[in-house]
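Before any comments, here is the structure.
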Amino acid sequence: MSNVLVTGGAGYIGSHACKALKAAGFTPVTFDNLITGWQDAVKFGPFEQGDLLDRARLDEVFAKYKPIAVMHFAALSQVGESMSEPGKYWRNNVSGSLNLIEAAVAAGCENFVFSSTCATYGDQDNVVLDENSAQYPVNAYGASKRAIEDILRDFEASNDLRHVIFRYFNVAGADPDGDVGEFHQPETHLVPLMLDAIDGKRDALTIFGTDYDTPDGTCIRDYVHVCDLVDAHVLGLKWLQDGKGSRVFNLGTGSGFSVREVIDHSREVTNKAVPFNEGARRPGDCTKLVSGSQRAIDELGWKPERSTLKQMITDAWRWHQTGHYDA
């Protein structure tokens with residue numbers, strides 16, 4: 001089997017990607033520093049512990065496994081933290097990614113699939129964002145991801161490093177088989193926070209901002225199922241293997257849901273009330289982010305089949321009840 005280096009493969013999205021890669025006939029090699037990932041999530045291929053800021057360690061792993069491609073998920077990703085500690089995000093996300101890209105080029109690994117974000121678009125309300133939308137990130141997280149996109153383009157021009165960039169929206173759900181799921185410490189994502197509140201595992205959910213210019217006053221986001229998301233990444237890898245050129249794809253459903261709507265759907269799925277409080281807005285949060293993903297559907301043949309809000313919450317609830325990793 002062909003090896004694929006998966007950075008952040010012990011994290012939420014990366015672990016699901018490893019399962020999808022194995023099912024597609026690849027051997028995923030997880031490279032993770034375990035700061036936010038879990039070794040218990042590494043179930044589908046070899047594990048190598050290391051940090052992207054350690055170039056020598058990266059060179060060792062490339063030499064050992066000779067991967068045909070890199071699938072790059074590893075990053076700091078908390079918007080609020082990126083507003084208060086921007087240097088941390090530029091250092092970790094950008095410097096670490098530059099190390100990884102240079103190591104890949106040095107090893108002759110010329111296929112690179114990058115996990116970017118809709119946060120590169122910034123706060124553009126009442127429009128459906130597509131790959132040609134202007135990028136105006138409003139926080140260091142989004143700005144760091146945009147910078148990595150630029151780096152990849154420069155290395156394509158100088159070293160023929162072909163890449164697929166995925167800008168995606170809010171990810172939710174879990175592996176329907178229960179092999180891996182979403183578990184962060186600290187937890188910052190809406191759906192697991194909400195399910196914890198339902199179960200009494202934490203205090204009431206806080207809705208950050210109820211005065212946005214939306215029908216119910218809360219932020220609107222486009223949610224995509226994690227399994228649909230990683231299926232697109234495998235399709236992106238095959239796109240590169242087929243010799244096609246570098247490309248950017250948005251991944252979302254084109255439908256946005258407010259925080260209050262997510263709470264309502266959760267009540268329907270779990271048959272339990274969601275305790276919540278109303279709080280102030282968080283710095284850096286956008287009002288509405290909704291994706292246009294027709295390019296991925298048309299060109300990659302992507303089919304986001306599980307990305308209904310009910311299905312995402314159902315799968316997340318199943319994992320929530322049965323599948324946490326050892327903290």
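Ordered as shown in the structure tokens, chains take letters A, B, and onward, while each chain numbers its residues from 1 and ligands are numbered from 1 in the order shown.
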
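Around segment 206-216 of chain A, within 6 Å and counting only C-alpha atoms, the residues found are Phe276, Asn277, Glu278, Gly279, Ala280 and Arg281 of chain A, once anything fewer than 4 positions away on its own chain is removed.
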
Restrict the selected residues to N, CA and C atoms and save them as a short mmCIF file (atom, residue, chain, number, x, y, z; two decimals), in the first residue's frame.
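Result went into part38.cif, see below:
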data_model
loop_
_atom_site.label_atom_id
_atom_site.label_comp_id
_atom_site.auth_asym_id
_atom_site.auth_seq_id
_atom_site.Cartn_x
_atom_site.Cartn_y
_atom_site.Cartn_z
N PHE A 276 -29.06 26.42 28.49
CA PHE A 276 -28.14 27.39 27.90
C PHE A 276 -28.32 28.76 28.54
N ASN A 277 -27.24 29.54 28.45
CA ASN A 277 -27.23 30.93 28.87
C ASN A 277 -26.88 31.79 27.66
N GLU A 278 -27.23 33.05 27.74
CA GLU A 278 -26.87 33.98 26.68
C GLU A 278 -25.71 34.85 27.13
N GLY A 279 -24.65 34.92 26.29
CA GLY A 279 -23.47 35.69 26.61
C GLY A 279 -23.14 36.71 25.54
N ALA A 280 -22.07 37.44 25.76
CA ALA A 280 -21.64 38.46 24.81
C ALA A 280 -20.96 37.81 23.60
N ARG A 281 -20.87 38.57 22.54
CA ARG A 281 -20.13 38.11 21.36
C ARG A 281 -18.68 37.81 21.70
#

Would you list the contacts of Asp222 of chain A as an NGL selection string, taking every protein, DNA or RNA residue within 7 Å and counting only C-alpha atoms, but skipping same-chain residues closer than 5 positions in sequence? :A and (169-170 or 252-257 or 289-291)

Output file for the selection above: N, CA and C atoms, as a CSV table (one decimal), in the first residue's frame:
chain,number,residue,atom,x,y,z
A,169,PHE,N,-16.1,24.6,6.3
A,169,PHE,CA,-17.0,25.3,7.2
A,169,PHE,C,-17.1,24.5,8.5
A,170,ASN,N,-18.1,24.6,9.2
A,170,ASN,CA,-18.1,24.0,10.5
A,170,ASN,C,-18.3,22.5,10.4
A,252,GLY,N,-18.9,22.5,2.0
A,252,GLY,CA,-20.1,22.9,2.8
A,252,GLY,C,-21.3,22.4,2.2
A,253,THR,N,-22.5,22.8,2.7
A,253,THR,CA,-23.7,22.3,2.1
A,253,THR,C,-24.5,23.4,1.4
A,254,GLY,N,-24.1,24.7,1.6
A,254,GLY,CA,-24.8,25.8,1.0
A,254,GLY,C,-26.0,26.2,1.9
A,255,SER,N,-26.2,25.5,3.0
A,255,SER,CA,-27.3,25.9,3.9
A,255,SER,C,-26.7,26.3,5.3
A,256,GLY,N,-27.2,27.3,5.8
A,256,GLY,CA,-26.7,27.8,7.1
A,256,GLY,C,-27.7,27.5,8.2
A,257,PHE,N,-27.2,27.3,9.4
A,257,PHE,CA,-28.1,27.1,10.6
A,257,PHE,C,-27.6,28.0,11.7
A,289,LEU,N,-21.6,32.5,7.8
A,289,LEU,CA,-20.6,31.9,6.9
A,289,LEU,C,-21.3,30.7,6.2
A,290,VAL,N,-21.6,30.8,4.9
A,290,VAL,CA,-22.2,29.7,4.2
A,290,VAL,C,-21.4,29.5,2.9
A,291,SER,N,-21.3,28.2,2.6
A,291,SER,CA,-20.4,27.8,1.5
A,291,SER,C,-21.1,27.5,0.2

Report as a Markdown table the residues of segment 153-186 of chain A within 10 Å of segment 65-77 of chain A, each with its shortest atom pair and distance in Å (one decimal), using only C-alpha atoms, ordered by chain and increasing residue number.
| residue | atom | partner | partner_atom | distance |
| --- | --- | --- | --- | --- |
| A:Arg162 | CA | A:Ala69 | CA | 9.9 |
| A:His163 | CA | A:Val70 | CA | 9.4 |
| A:Val164 | CA | A:Met71 | CA | 9.5 |
| A:Ile165 | CA | A:His72 | CA | 9.8 |

Same residues, N, CA and C atoms, saved as a PDB file, in the first residue's frame:
ATOM      1  N   ARG A 162       2.427  20.090  -6.249  1.00  0.00           N
ATOM      2  CA  ARG A 162       1.012  20.259  -6.592  1.00  0.00           C
ATOM      3  C   ARG A 162       0.162  20.079  -5.333  1.00  0.00           C
ATOM      4  N   HIS A 163      -0.912  20.845  -5.266  1.00  0.00           N
ATOM      5  CA  HIS A 163      -1.694  20.852  -4.028  1.00  0.00           C
ATOM      6  C   HIS A 163      -3.183  20.931  -4.320  1.00  0.00           C
ATOM      7  N   VAL A 164      -3.946  20.397  -3.379  1.00  0.00           N
ATOM      8  CA  VAL A 164      -5.384  20.634  -3.306  1.00  0.00           C
ATOM      9  C   VAL A 164      -5.655  21.282  -1.961  1.00  0.00           C
ATOM     10  N   ILE A 165      -6.333  22.417  -1.997  1.00  0.00           N
ATOM     11  CA  ILE A 165      -6.665  23.171  -0.790  1.00  0.00           C
ATOM     12  C   ILE A 165      -8.164  23.046  -0.549  1.00  0.00           C
TER      13      ILE A 165
END

Residues within 8 Å of segment 98-104 of chain A, only C-alpha atoms, excluding chain neighbours under 2 positions, as a count of residues only: 19

Within 9 Å of segment 171-191 of chain A, which residues of segment 237-273 of chain A show up? Give each one with its shortest atom-to-atom distance in Å (one decimal) and the two atoms involved, counting only C-alpha atoms, rows by chain then rising residue number, as JSON lines.
{"residue": "A:Gly252", "atom": "CA", "partner": "A:Val171", "partner_atom": "CA", "distance": 8.9}
{"residue": "A:Val259", "atom": "CA", "partner": "A:Leu190", "partner_atom": "CA", "distance": 8.1}
{"residue": "A:Val262", "atom": "CA", "partner": "A:Val191", "partner_atom": "CA", "distance": 7.9}
{"residue": "A:Ile263", "atom": "CA", "partner": "A:Val191", "partner_atom": "CA", "distance": 8.6}
{"residue": "A:Ser266", "atom": "CA", "partner": "A:Val191", "partner_atom": "CA", "distance": 8.4}

Keeping only C-alpha atoms, take the residues you just selected and write them out as a PDB file, in the first residue's frame.
ATOM      1  CA  GLY A 252     -20.063  22.868   2.846  1.00  0.00           C
ATOM      2  CA  VAL A 259     -26.997  28.430  17.012  1.00  0.00           C
ATOM      3  CA  VAL A 262     -28.791  23.655  16.198  1.00  0.00           C
ATOM      4  CA  ILE A 263     -30.107  23.633  19.760  1.00  0.00           C
ATOM      5  CA  SER A 266     -30.464  18.600  19.238  1.00  0.00           C
TER       6      SER A 266
END

Counting only C-alpha atoms, which of A:Ser116, A:Asp150, A:Ser258, A:Ser84 gets nearest to Pro283 of chain A?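 Checking each candidate against Pro283 of chain A, we get A:Ser84 as the closest.
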
Within 10 Å of Ala232 of chain A, counting only C-alpha atoms, which residues show up once you throw out same-chain ones fewer than 2 positions away? Write them as a VMD selection string, please. chain A and resid 17 20 166 226 to 230 234 to 238 249 251 296 to 297 300 to 304

Those residues you just picked out, can you put them in a file as a short mmCIF file (atom, residue, chain, number, x, y, z; two decimals), in the first residue's frame with N, CA and C atoms?
data_model
loop_
_atom_site.label_atom_id
_atom_site.label_comp_id
_atom_site.auth_asym_id
_atom_site.auth_seq_id
_atom_site.Cartn_x
_atom_site.Cartn_y
_atom_site.Cartn_z
N ALA A 17 -9.93 11.00 8.69
CA ALA A 17 -9.25 10.92 7.40
C ALA A 17 -8.42 9.64 7.31
N ALA A 20 -10.66 6.81 6.44
CA ALA A 20 -11.06 6.88 5.04
C ALA A 20 -9.92 6.50 4.10
N PHE A 166 -8.53 22.64 0.66
CA PHE A 166 -9.94 22.57 1.04
C PHE A 166 -10.24 23.65 2.07
N VAL A 226 -18.26 15.21 9.24
CA VAL A 226 -16.83 14.91 9.18
C VAL A 226 -16.53 13.79 8.20
N CYS A 227 -17.43 12.82 8.06
CA CYS A 227 -17.17 11.72 7.12
C CYS A 227 -17.27 12.19 5.67
N ASP A 228 -18.22 13.07 5.39
CA ASP A 228 -18.28 13.66 4.06
C ASP A 228 -17.02 14.49 3.78
N LEU A 229 -16.58 15.20 4.79
CA LEU A 229 -15.41 16.05 4.65
C LEU A 229 -14.17 15.24 4.27
N VAL A 230 -13.91 14.15 4.99
CA VAL A 230 -12.69 13.39 4.72
C VAL A 230 -12.82 12.60 3.42
N VAL A 234 -9.91 12.42 0.36
CA VAL A 234 -9.44 11.26 -0.40
C VAL A 234 -9.63 11.50 -1.89
N LEU A 235 -10.75 12.09 -2.26
CA LEU A 235 -10.96 12.44 -3.67
C LEU A 235 -9.93 13.46 -4.14
N GLY A 236 -9.56 14.40 -3.26
CA GLY A 236 -8.53 15.37 -3.61
C GLY A 236 -7.18 14.72 -3.84
N LEU A 237 -6.86 13.73 -3.02
CA LEU A 237 -5.61 12.99 -3.21
C LEU A 237 -5.62 12.26 -4.55
N LYS A 238 -6.73 11.63 -4.87
CA LYS A 238 -6.81 10.90 -6.13
C LYS A 238 -6.75 11.88 -7.32
N PHE A 249 -10.97 23.99 -3.29
CA PHE A 249 -12.36 23.57 -3.19
C PHE A 249 -12.94 24.01 -1.85
N LEU A 251 -15.86 23.29 0.96
CA LEU A 251 -16.65 22.14 1.40
C LEU A 251 -17.69 22.60 2.41
N ALA A 296 -16.62 21.31 -5.94
CA ALA A 296 -16.25 19.99 -5.43
C ALA A 296 -17.20 18.92 -5.93
N ILE A 297 -18.48 19.26 -6.01
CA ILE A 297 -19.48 18.31 -6.49
C ILE A 297 -19.24 18.01 -7.97
N LEU A 300 -14.83 17.01 -8.41
CA LEU A 300 -14.34 15.85 -7.65
C LEU A 300 -15.35 14.71 -7.61
N GLY A 301 -16.60 15.02 -7.92
CA GLY A 301 -17.64 14.02 -7.75
C GLY A 301 -18.01 13.80 -6.30
N TRP A 302 -17.83 14.86 -5.50
CA TRP A 302 -18.10 14.77 -4.06
C TRP A 302 -19.61 14.72 -3.80
N LYS A 303 -20.00 13.87 -2.84
CA LYS A 303 -21.40 13.73 -2.47
C LYS A 303 -21.53 13.83 -0.95
N PRO A 304 -21.91 14.99 -0.43
CA PRO A 304 -22.06 15.14 1.02
C PRO A 304 -23.34 14.50 1.53
#
